[in-house]
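Undergrad: Structure file target_34.csv (CSV, C-alpha atoms and all ligand atoms) right here:
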chain,number,residue,atom,x,y,z
A,4,MET,CA,19.8,-9.4,-5.7
A,5,ASP,CA,17.4,-9.7,-8.6
A,6,PRO,CA,18.4,-10.1,-12.3
A,7,PHE,CA,18.4,-6.3,-12.7
A,8,GLY,CA,20.7,-5.6,-9.8
A,9,ARG,CA,18.1,-4.5,-7.4
A,10,THR,CA,18.4,-5.6,-3.8
A,11,ILE,CA,15.1,-7.1,-2.7
A,12,ASP,CA,14.7,-6.6,1.0
A,13,TYR,CA,11.1,-5.4,1.5
A,14,LEU,CA,8.0,-7.6,1.9
A,15,ARG,CA,4.4,-6.2,1.7
A,16,ILE,CA,2.2,-8.6,3.6
A,17,SER,CA,-1.5,-8.6,2.8
A,18,VAL,CA,-3.2,-10.0,5.9
A,19,THR,CA,-6.7,-10.1,4.4
A,20,ASP,CA,-8.5,-9.4,1.1
A,21,ARG,CA,-11.5,-8.2,3.0
A,22,CYS,CA,-12.3,-4.5,3.6
A,23,ASN,CA,-14.7,-2.3,5.5
A,24,GLU,CA,-14.7,0.2,2.6
A,25,ARG,CA,-15.5,-0.2,-1.1
A,26,CYS,CA,-13.1,2.1,-3.0
A,27,LEU,CA,-14.2,2.4,-6.6
A,28,TYR,CA,-10.6,2.0,-7.9
A,29,CYS,CA,-9.7,-1.0,-5.8
A,30,MET,CA,-12.7,-3.3,-5.6
A,31,PRO,CA,-14.8,-3.9,-8.7
A,32,LYS,CA,-18.5,-3.4,-8.0
A,33,GLY,CA,-20.2,-6.7,-7.0
A,34,TYR,CA,-16.8,-8.3,-6.5
A,35,LYS,CA,-17.1,-12.0,-5.5
A,36,GLY,CA,-13.6,-13.3,-5.9
A,37,TRP,CA,-12.8,-13.5,-2.1
A,38,ALA,CA,-10.2,-16.0,-1.0
A,39,GLU,CA,-11.6,-18.9,0.9
A,40,ARG,CA,-11.2,-18.3,4.7
A,41,ALA,CA,-9.3,-21.6,4.9
A,42,ASP,CA,-6.7,-20.2,2.5
A,43,HIS,CA,-6.0,-17.1,4.5
A,44,LEU,CA,-2.7,-17.3,6.1
A,45,SER,CA,-2.8,-17.7,9.9
A,46,ALA,CA,-0.8,-15.4,12.2
A,47,ASP,CA,1.6,-18.3,12.8
A,48,GLU,CA,2.1,-18.8,9.0
A,49,ILE,CA,2.7,-15.1,8.4
A,50,VAL,CA,5.3,-15.0,11.2
A,51,ARG,CA,7.0,-18.2,9.8
A,52,ILE,CA,7.2,-16.6,6.4
A,53,VAL,CA,8.6,-13.3,7.7
A,54,GLU,CA,11.2,-15.2,9.9
A,55,GLN,CA,12.3,-17.2,6.9
A,56,SER,CA,12.6,-14.1,4.7
A,57,THR,CA,14.9,-12.4,7.2
A,58,THR,CA,17.4,-15.2,6.7
A,59,LEU,CA,17.4,-14.2,3.1
A,60,GLY,CA,18.1,-10.5,3.9
A,61,PHE,CA,14.5,-9.1,4.1
A,62,ARG,CA,14.5,-6.2,6.6
A,63,LYS,CA,11.5,-4.1,5.8
A,64,PHE,CA,7.9,-5.1,6.2
A,65,ARG,CA,4.5,-3.5,5.7
A,66,LEU,CA,1.1,-4.9,6.7
A,67,THR,CA,-1.6,-4.2,4.3
A,68,GLY,CA,-4.7,-5.7,2.7
A,69,GLY,CA,-7.6,-5.3,1.9
A,70,GLU,CA,-8.0,-3.5,5.2
A,71,PRO,CA,-5.5,-4.9,7.7
A,72,LEU,CA,-7.3,-3.6,10.7
A,73,VAL,CA,-10.4,-5.7,10.1
A,74,ARG,CA,-8.2,-8.7,11.1
A,75,LYS,CA,-8.9,-9.3,14.8
A,76,ASP,CA,-5.3,-10.5,15.4
A,77,ILE,CA,-3.6,-7.6,13.7
A,78,VAL,CA,-1.9,-6.3,16.8
A,79,GLU,CA,-0.6,-9.7,17.7
A,80,ILE,CA,0.7,-10.2,14.1
A,81,ALA,CA,2.5,-6.8,14.3
A,82,ARG,CA,4.0,-7.6,17.7
A,83,ARG,CA,5.3,-11.0,16.7
A,84,ILE,CA,6.9,-9.6,13.5
A,85,TRP,CA,8.5,-6.8,15.3
A,86,ASP,CA,9.9,-9.2,17.9
A,87,LEU,CA,11.8,-11.2,15.2
A,88,PRO,CA,15.5,-10.6,14.9
A,89,GLY,CA,16.4,-9.0,11.6
A,90,VAL,CA,13.2,-6.9,11.3
A,91,GLN,CA,14.4,-3.3,10.9
A,92,THR,CA,11.2,-1.5,10.0
A,93,LEU,CA,7.5,-2.3,10.2
A,94,GLY,CA,4.8,-0.2,8.6
A,95,LEU,CA,1.1,-0.5,8.1
A,96,SER,CA,-1.3,0.8,5.4
A,97,THR,CA,-4.8,1.5,6.4
A,98,ASN,CA,-7.9,3.4,5.4
A,99,GLY,CA,-7.8,4.7,9.0
A,100,VAL,CA,-11.4,3.9,9.9
A,101,LEU,CA,-10.5,1.6,12.8
A,102,LEU,CA,-7.4,3.4,13.9
A,103,LYS,CA,-9.1,5.4,16.6
A,104,ASP,CA,-8.9,2.3,18.9
A,105,LEU,CA,-6.0,0.6,17.3
A,106,ALA,CA,-3.4,3.3,16.8
A,107,ARG,CA,-1.9,3.1,20.3
A,108,PRO,CA,-1.8,-0.7,20.5
A,109,LEU,CA,-0.2,-0.9,17.1
A,110,LYS,CA,2.4,1.6,18.1
A,111,GLN,CA,3.1,-0.4,21.3
A,112,ALA,CA,3.3,-3.6,19.2
A,113,GLY,CA,6.2,-2.1,17.2
A,114,VAL,CA,4.6,-0.5,14.1
A,115,ARG,CA,6.9,2.4,13.2
A,116,SER,CA,5.1,4.0,10.3
A,117,ILE,CA,1.5,4.3,9.2
A,118,ASN,CA,0.1,5.2,5.7
A,119,ILE,CA,-3.5,6.4,5.8
A,120,SER,CA,-5.6,6.7,2.7
A,121,ILE,CA,-7.6,9.8,2.3
A,122,ASP,CA,-8.8,10.7,-1.2
A,123,ALA,CA,-10.9,13.8,-0.3
A,124,LEU,CA,-11.7,16.2,2.5
A,125,ASP,CA,-15.1,16.7,1.2
A,126,PRO,CA,-17.4,14.2,3.0
A,127,GLU,CA,-19.6,13.6,-0.1
A,128,ILE,CA,-16.7,12.9,-2.4
A,129,TYR,CA,-15.0,10.8,0.2
A,130,HIS,CA,-18.2,8.7,0.5
A,131,GLN,CA,-18.7,8.5,-3.2
A,132,LEU,CA,-15.2,7.1,-3.6
A,133,THR,CA,-14.9,4.8,-0.6
A,134,GLY,CA,-18.5,4.1,0.5
A,135,GLY,CA,-17.2,5.2,4.0
A,136,ARG,CA,-17.5,8.2,6.4
A,137,LEU,CA,-14.8,10.9,6.2
A,138,GLU,CA,-15.3,11.6,9.9
A,139,ALA,CA,-14.1,8.1,10.8
A,140,ALA,CA,-10.9,8.4,8.7
A,141,LEU,CA,-10.2,11.9,10.2
A,142,GLU,CA,-10.5,10.4,13.7
A,143,GLY,CA,-8.1,7.7,12.7
A,144,ILE,CA,-5.6,10.3,11.4
A,145,GLY,CA,-6.0,12.2,14.7
A,146,ALA,CA,-5.4,9.0,16.7
A,147,ALA,CA,-2.2,8.2,14.6
A,148,ALA,CA,-0.9,11.7,15.3
A,149,ALA,CA,-1.5,11.2,19.0
A,150,ALA,CA,0.1,7.8,19.2
A,151,GLY,CA,3.5,9.1,18.2
A,152,PHE,CA,4.5,7.0,15.2
A,153,GLU,CA,7.8,7.9,13.6
A,154,VAL,CA,6.1,8.6,10.3
A,155,VAL,CA,2.5,9.1,9.3
A,156,LYS,CA,1.9,9.6,5.6
A,157,LEU,CA,-1.4,10.3,3.8
A,158,ASN,CA,-2.2,8.7,0.4
A,159,CYS,CA,-4.6,10.0,-2.2
A,160,VAL,CA,-5.3,8.3,-5.5
A,161,LEU,CA,-5.7,10.9,-8.2
A,162,LEU,CA,-9.0,10.9,-10.2
A,163,ARG,CA,-9.6,13.4,-12.9
A,164,GLY,CA,-13.0,15.0,-12.5
A,165,ILE,CA,-13.7,13.4,-9.1
A,166,ASN,CA,-11.1,14.6,-6.6
A,167,ASP,CA,-8.7,16.8,-8.6
A,168,HIS,CA,-10.0,19.9,-6.8
A,169,GLN,CA,-9.1,18.2,-3.5
A,170,ILE,CA,-5.4,18.2,-4.3
A,171,ILE,CA,-4.7,21.6,-2.8
A,172,PRO,CA,-6.9,21.2,0.3
A,173,LEU,CA,-5.3,17.7,0.9
A,174,ALA,CA,-1.7,19.0,0.5
A,175,ASP,CA,-2.5,21.9,2.9
A,176,PHE,CA,-4.2,19.6,5.4
A,177,GLY,CA,-1.1,17.3,5.4
A,178,ALA,CA,1.2,20.3,5.8
A,179,THR,CA,-0.7,21.6,8.8
A,180,LEU,CA,-0.4,18.2,10.5
A,181,GLY,CA,3.2,17.7,9.4
A,182,MET,CA,2.2,14.6,7.5
A,183,PRO,CA,3.5,14.1,3.9
A,184,VAL,CA,0.7,13.6,1.4
A,185,ARG,CA,1.4,11.3,-1.5
A,186,PHE,CA,-0.6,11.6,-4.7
A,187,ILE,CA,-0.8,8.3,-6.5
A,188,GLU,CA,-1.6,7.6,-10.2
A,189,LEU,CA,-4.6,5.4,-10.8
A,190,MET,CA,-3.5,1.9,-11.7
A,191,PRO,CA,-5.8,-0.3,-13.8
A,192,LEU,CA,-6.6,-2.7,-11.0
A,193,ALA,CA,-10.4,-2.6,-10.7
A,194,PRO,CA,-11.8,-3.3,-14.1
A,195,GLY,CA,-15.4,-2.7,-15.2
A,196,GLY,CA,-16.1,-0.3,-12.4
A,197,PRO,CA,-17.2,3.3,-12.6
A,198,VAL,CA,-13.6,4.6,-12.3
A,199,ASP,CA,-11.6,4.0,-15.5
A,200,GLN,CA,-9.0,5.4,-17.9
A,201,GLN,CA,-11.1,8.6,-18.5
A,202,HIS,CA,-10.4,9.5,-14.8
A,203,PHE,CA,-6.7,8.9,-15.0
A,204,LEU,CA,-4.7,12.0,-13.9
A,205,PRO,CA,-1.0,12.0,-14.3
A,206,VAL,CA,1.2,13.1,-11.4
A,207,SER,CA,2.6,15.9,-13.6
A,208,ALA,CA,-0.9,17.5,-13.7
A,209,ALA,CA,-1.3,17.2,-10.0
A,210,ARG,CA,2.1,18.8,-9.4
A,211,ALA,CA,1.2,21.6,-11.8
A,212,THR,CA,-2.0,22.2,-9.9
A,213,LEU,CA,-0.3,22.4,-6.6
A,214,ALA,CA,2.5,24.6,-7.9
A,215,THR,CA,-0.2,27.3,-8.7
A,216,HIS,CA,-0.9,27.4,-5.0
A,217,GLY,CA,2.5,27.4,-3.3
A,218,PRO,CA,6.1,26.8,-4.1
A,219,LEU,CA,7.2,23.2,-4.7
A,220,GLU,CA,10.9,22.7,-4.2
A,221,THR,CA,12.5,19.3,-5.1
A,222,ALA,CA,13.6,17.4,-2.0
A,223,THR,CA,17.1,16.2,-2.9
A,224,ASP,CA,17.4,13.8,-0.1
A,225,LYS,CA,15.1,10.8,0.3
A,226,PRO,CA,13.1,12.3,3.2
A,227,HIS,CA,10.7,9.4,3.7
A,228,GLY,CA,12.6,6.2,2.9
A,229,HIS,CA,13.3,4.5,-0.4
A,230,GLY,CA,9.8,4.1,-1.7
A,231,PRO,CA,8.7,5.1,-5.2
A,232,ALA,CA,7.5,8.6,-4.4
A,233,LYS,CA,9.3,11.7,-5.6
A,234,TYR,CA,9.1,14.3,-2.9
A,235,TYR,CA,8.9,18.1,-2.9
A,236,LYS,CA,9.1,20.5,0.0
A,237,TYR,CA,5.8,22.2,0.4
A,238,ARG,CA,4.7,24.7,3.1
A,239,GLY,CA,7.2,23.4,5.7
A,240,SER,CA,6.3,19.8,5.0
A,241,HIS,CA,6.6,17.4,2.0
A,242,VAL,CA,4.3,16.2,-0.7
A,243,GLY,CA,5.1,13.1,-2.8
A,244,PHE,CA,4.0,12.0,-6.2
A,245,ILE,CA,3.9,8.3,-7.1
A,246,GLY,CA,3.9,8.1,-10.9
A,247,SER,CA,3.2,4.4,-11.1
A,248,VAL,CA,2.0,4.5,-14.7
A,249,THR,CA,3.7,7.5,-16.3
A,250,CYS,CA,7.2,7.6,-14.7
A,251,ASP,CA,9.6,5.7,-16.9
A,252,ASP,CA,12.0,5.1,-14.0
A,253,PHE,CA,9.3,3.9,-11.6
A,254,CYS,CA,10.5,0.3,-11.4
A,255,THR,CA,14.3,1.0,-11.3
A,256,THR,CA,14.5,1.1,-7.6
A,257,CYS,CA,11.8,-1.4,-6.7
A,258,ASN,CA,13.0,-3.4,-3.7
A,259,LYS,CA,9.8,-5.4,-2.9
A,260,LEU,CA,7.9,-8.6,-3.1
A,261,ARG,CA,4.2,-9.0,-2.2
A,262,LEU,CA,2.6,-11.7,-0.2
A,263,THR,CA,-1.1,-12.1,-0.8
A,264,ALA,CA,-3.5,-13.0,2.0
A,265,ASP,CA,-3.9,-16.5,0.4
A,266,GLY,CA,-0.3,-17.2,0.5
A,267,LYS,CA,1.0,-16.3,-3.0
A,268,LEU,CA,4.4,-14.5,-3.4
A,269,ARG,CA,4.0,-11.9,-6.1
A,270,PRO,CA,7.2,-10.4,-7.7
A,271,CYS,CA,5.3,-7.5,-9.3
A,272,LEU,CA,2.0,-5.7,-8.8
A,273,GLY,CA,1.7,-5.0,-12.5
A,274,ARG,CA,2.6,-8.5,-13.9
A,275,HIS,CA,0.7,-11.7,-13.2
A,276,GLY,CA,3.3,-14.2,-12.0
A,277,GLU,CA,2.7,-15.6,-8.5
A,278,ILE,CA,4.4,-18.4,-6.6
A,279,ASP,CA,2.2,-20.4,-4.3
A,280,LEU,CA,3.6,-20.7,-0.7
A,281,LEU,CA,0.7,-22.8,0.7
A,282,PRO,CA,2.2,-26.2,-0.3
A,283,ALA,CA,5.5,-25.3,1.3
A,284,LEU,CA,3.8,-24.0,4.4
A,285,ARG,CA,1.2,-26.7,4.8
A,286,ASP,CA,2.6,-30.0,3.5
A,287,GLY,CA,5.4,-29.9,6.1
A,288,LYS,CA,8.1,-30.3,3.5
A,289,GLY,CA,9.5,-26.7,3.8
A,290,GLY,CA,10.6,-24.8,0.8
A,291,ILE,CA,9.7,-21.2,1.8
A,292,SER,CA,13.2,-20.0,1.1
A,293,ALA,CA,13.2,-21.7,-2.4
A,294,ALA,CA,9.9,-19.9,-3.2
A,295,PHE,CA,11.4,-16.5,-2.2
A,296,GLU,CA,14.5,-17.2,-4.3
A,297,ASP,CA,12.3,-18.2,-7.2
A,298,ALA,CA,10.2,-14.9,-6.8
A,299,ILE,CA,13.4,-12.8,-6.7
A,300,ALA,CA,14.9,-14.6,-9.8
A,301,ASN,CA,11.6,-14.0,-11.6
A,302,LYS,CA,11.1,-10.4,-10.7
A,303,PRO,CA,10.4,-8.6,-14.0
A,304,GLU,CA,12.3,-5.4,-14.9
A,305,ASN,CA,9.1,-3.4,-14.9
A,306,HIS,CA,5.3,-3.6,-14.8
A,307,SER,CA,3.2,-3.8,-17.9
A,308,PHE,CA,0.3,-1.4,-17.0
A,309,ALA,CA,0.9,0.6,-20.2
A,310,GLU,CA,1.1,-2.4,-22.5
A,311,ASP,CA,-1.0,-5.5,-22.2
A,312,PHE,CA,-1.9,-5.7,-18.6
A,313,GLU,CA,-5.2,-7.5,-17.9
A,314,VAL,CA,-6.5,-7.6,-14.4
A,315,ARG,CA,-6.9,-11.1,-13.0
A,316,ARG,CA,-7.0,-10.0,-9.3
A,317,PRO,CA,-8.1,-6.5,-8.2
A,318,MET,CA,-5.9,-4.5,-5.9
A,319,THR,CA,-7.9,-5.6,-2.8
A,320,ALA,CA,-7.0,-9.2,-3.6
A,321,ILE,CA,-3.3,-8.6,-4.3
A,322,GLY,CA,-2.6,-6.2,-1.5
A,323,GLY,CA,-1.7,-2.6,-1.8
B,1,LIG,N1,-7.0,-0.6,2.9
B,1,LIG,C1,-5.7,0.1,3.1
B,1,LIG,C2,-5.8,1.5,2.4
B,1,LIG,O1,-6.8,1.8,1.8
B,1,LIG,O2,-4.8,2.2,2.6
B,1,LIG,C3,-4.6,-0.7,2.6
B,1,LIG,C4,-4.7,-1.4,1.3
B,1,LIG,S1,-4.9,-0.4,-0.2
B,1,LIG,C5,-5.0,-1.6,-1.4
B,1,LIG,C6,-3.3,0.3,-0.3
B,1,LIG,C7,-3.1,1.5,-1.2
B,1,LIG,O3,-3.5,1.2,-2.5
B,1,LIG,C8,-4.1,2.7,-0.8
B,1,LIG,O4,-3.3,3.9,-0.7
B,1,LIG,C9,-5.0,2.7,-2.0
B,1,LIG,O5,-5.5,4.0,-2.2
B,1,LIG,C10,-4.1,2.2,-3.1
B,1,LIG,N2,-4.9,1.8,-4.3
B,1,LIG,C11,-5.9,0.9,-4.3
B,1,LIG,N3,-6.3,0.7,-5.6
B,1,LIG,C12,-5.5,1.4,-6.4
B,1,LIG,C13,-5.4,1.7,-7.8
B,1,LIG,N4,-6.3,1.1,-8.6
B,1,LIG,N5,-4.5,2.6,-8.2
B,1,LIG,C14,-3.7,3.2,-7.4
B,1,LIG,N6,-3.7,3.0,-6.0
B,1,LIG,C15,-4.6,2.1,-5.5
B,2,LIG,FE1,-10.4,-1.1,1.1
B,2,LIG,FE2,-8.0,0.1,0.9
B,2,LIG,FE3,-9.1,-1.0,-1.2
B,2,LIG,FE4,-10.2,1.1,-0.3
B,2,LIG,S1,-8.2,1.0,-1.1
B,2,LIG,S2,-11.3,-0.8,-0.9
B,2,LIG,S3,-9.9,0.9,1.9
B,2,LIG,S4,-8.4,-2.0,0.5
What would the structure in this file look like if it were written as structure tokens?
Ligand code: SAM
Ligand code: SF4
TA:
Amino acid sequence: MDPFGRTIDYLRISVTDRCNERCLYCMPKGYKGWAERADHLSADEIVRIVEQSTTLGFRKFRLTGGEPLVRKDIVEIARRIWDLPGVQTLGLSTNGVLLKDLARPLKQAGVRSINISIDALDPEIYHQLTGGRLEAALEGIGAAAAAGFEVVKLNCVLLRGINDHQIIPLADFGATLGMPVRFIELMPLAPGGPVDQQHFLPVSAARATLATHGPLETATDKPHGHGPAKYYKYRGSHVGFIGSVTCDDFCTTCNKLRLTADGKLRPCLGRHGEIDLLPALRDGKGGISAAFEDAIANKPENHSFAEDFEVRRPMTAIGG
């Protein structure tokens, strides 16, 4: 338990800071701060960390990045994590571009749930935002649906004046496929780029937009796990809103730590503290558990996005 009474049992594992897209809100233009390849955790190291964390009560794991599917050994990493005793759920977050070939192997390896980013259904806006091809992401969504994961969720970062007119088409698209769409507030994690505060759209505005189109009824249960989204019933499916910046109670149920691709344990996305695991992993002296305990003991009560947060690492380097 952390100092604020929260049980921390969820680890988000960034397996790489590299990506095959260039989302304006995640990776600053011309970004050069890539971790050295030698600092990237190996599959063995990731598995050792996860195994150790299960002895401390961690049960829920998600593979992310950067784009986790650009790692050649991603299926092996998923399978080895899923095979560990104590691992109860395993998810993966992806832009979907490489899912066409990987959805089925990932499902067979043990991945239970997939989150796929899709910020627009208009190919030009999708390209403007990500640098990628909408068609590839849609193929990935189709492959995820066919592979039979327990849950497939779609994620959209809200950007005023860029994709706000995509809210209704995206919610309807998700409802047709039976995939909850989660609308996420822009966090200040890619400074100096073309997307900034003037594009910030609060989840309250997105909810109001959607409510003009179809009834939104509060989902009283937690239909899709204990994450930070607030869910509503919408056209026979669900939509979720992740008010990372504007919702005062956003951090009250936070149950996670993050592991960066270069081996840092990060107690909070929106505060700078990190604990380096590489010495414990690579000097042979152990100490992984102590680093986890330190990270839990130093987990802040809340993020500081609305106060004095300055970006030192963009989202792609921290892990989403
Ligand atoms: N590449 C994968 C993807 O795009 O889903 C996984 C990593 S990505 C960093 C994880 C999630 O973080 C995505 O849903 C992405 O849209 C979201 N994200 C990235 N930068 C963000 C930002 N500045 N504010 C809010 N969400 C952001
Ligand atoms: Fe890559 Fe995902 Fe970041 Fe987009 S949001 S640049 S797909 S890591």
Undergrad: Give me, please, the distance in Å between CA of Cys254 (chain A) and CA of Asn98 (chain A), quoted to one decimal.
TA: 25.1 Å
Undergrad: Could you tell me how far CA of Gly143 (chain A) lies from atom C1 of ligand LIG 1 (chain B), in Å and to one decimal?
TA: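 Spanning CA of Gly143 (chain A) to atom C1 of ligand LIG 1 (chain B) is a straight-line distance of 12.5 Å.
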Undergrad: Please, which residues in chain A fall within 9 Å of ligand LIG 1 (chain B) when counting all atoms listed in the file, and what is the closest atom pair and distance in Å to one decimal for each, ordered by chain then residue number, as a tab-separated table?
TA:
residue	atom	partner	partner_atom	distance
A:Ser17	CA	B:LIG1	C4	8.0
A:Asp20	CA	B:LIG1	C4	8.9
A:Arg21	CA	B:LIG1	N1	8.8
A:Cys22	CA	B:LIG1	N1	6.6
A:Asn23	CA	B:LIG1	N1	8.3
A:Glu24	CA	B:LIG1	N1	7.7
A:Cys26	CA	B:LIG1	N3	7.4
A:Leu27	CA	B:LIG1	N3	8.1
A:Tyr28	CA	B:LIG1	N4	4.4
A:Cys29	CA	B:LIG1	N3	3.8
A:Met30	CA	B:LIG1	N3	7.5
A:Leu66	CA	B:LIG1	C3	8.2
A:Thr67	CA	B:LIG1	C3	4.9
A:Gly68	CA	B:LIG1	C4	4.5
A:Gly69	CA	B:LIG1	N1	4.8
A:Glu70	CA	B:LIG1	N1	3.8
A:Pro71	CA	B:LIG1	N1	6.6
A:Leu72	CA	B:LIG1	N1	8.4
A:Leu95	CA	B:LIG1	C3	7.9
A:Ser96	CA	B:LIG1	C3	4.6
A:Thr97	CA	B:LIG1	C1	3.7
A:Asn98	CA	B:LIG1	O1	4.1
A:Gly99	CA	B:LIG1	O2	7.5
A:Asn118	CA	B:LIG1	O2	6.5
A:Ile119	CA	B:LIG1	O2	5.4
A:Ser120	CA	B:LIG1	O2	4.6
A:Ile121	CA	B:LIG1	O5	7.6
A:Asp122	CA	B:LIG1	O5	7.5
A:Thr133	CA	B:LIG1	O1	9.0
A:Leu157	CA	B:LIG1	O4	8.1
A:Asn158	CA	B:LIG1	O4	5.0
A:Cys159	CA	B:LIG1	O5	6.1
A:Val160	CA	B:LIG1	O5	5.4
A:Leu161	CA	B:LIG1	C14	8.0
A:Arg185	CA	B:LIG1	O4	8.8
A:Ile187	CA	B:LIG1	C14	5.9
A:Glu188	CA	B:LIG1	C14	5.6
A:Leu189	CA	B:LIG1	N5	3.8
A:Met190	CA	B:LIG1	N5	3.7
A:Pro191	CA	B:LIG1	N4	5.4
A:Leu192	CA	B:LIG1	N4	4.5
A:Ala193	CA	B:LIG1	N4	5.9
A:Pro194	CA	B:LIG1	N4	8.9
A:Val198	CA	B:LIG1	N4	8.9
A:Ser247	CA	B:LIG1	C14	7.9
A:Pro317	CA	B:LIG1	N4	7.8
A:Met318	CA	B:LIG1	N3	5.2
A:Thr319	CA	B:LIG1	C5	5.1
A:Ala320	CA	B:LIG1	C5	8.2
A:Ile321	CA	B:LIG1	C5	7.8
A:Gly322	CA	B:LIG1	C5	5.2
A:Gly323	CA	B:LIG1	C5	3.5
Undergrad: So that I can check the surroundings of Ile49 (chain A), please list as a ChimeraX atom specification every protein, DNA and RNA residue that reaches within 10 Å of it, counting only C-alpha atoms and ignoring chain neighbours fewer than 2 positions away.
TA: /A:16-18,43-47,51-55,80,83-84,262,264,266,284
Undergrad: Could you tell me how far CA of Ala293 (chain A) sits from CA of Ile77 (chain A), in Å to one decimal place?
TA: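 Atom-to-atom, CA of Ile77 (chain A) and CA of Ala293 (chain A) are spaced 27.2 Å apart.
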Undergrad: Point out the residue among A:Leu137, A:Asp5, A:Tyr13, A:Gly94 with the least atom-to-atom distance to ligand LIG 2 (chain B), counting all atoms listed in the file.
TA: A:Leu137
Undergrad: Taking (8.1, 3.2, 14.0) in the coordinates of the supplied file, I want to know which residues reach to within 9 Å of it, counting all atoms listed in the file; could you give the answer as a PyMOL selection string?
TA: chain A and resi 92-94+110+113-117+151-154
Undergrad: Would you mind telling me which residue in A:Val155, A:Val50, A:Ala123, A:Leu101 lies nearest to Gln169 (chain A) when using all atoms listed in the file?
TA: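 Smallest separation from Gln169 (chain A) among the options: A:Ala123.
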Undergrad: Need the neighbours of (14.8, -1.9, -11.9): which residues are at most 9 Å away, counting only C-alpha atoms, as a ChimeraX atom specification?
TA: /A:5-9,252-258,303-305
Undergrad: Point out the residue among A:Leu213, A:Val100, A:Ala38, A:Leu268 with the least atom-to-atom distance to ligand LIG 2 (chain B), counting all atoms listed in the file.
TA: A:Val100
Undergrad: Residues near Gly243 (chain A), anyone? I mean within 9 Å using only C-alpha atoms, not counting same-chain ones fewer than 3 positions away, as a list in words.
TA: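 The neighbour list is Pro183, Val184, Arg185, Phe186, Ile187, Ala232, Lys233, Tyr234, Tyr235 and Lys236 of chain A.
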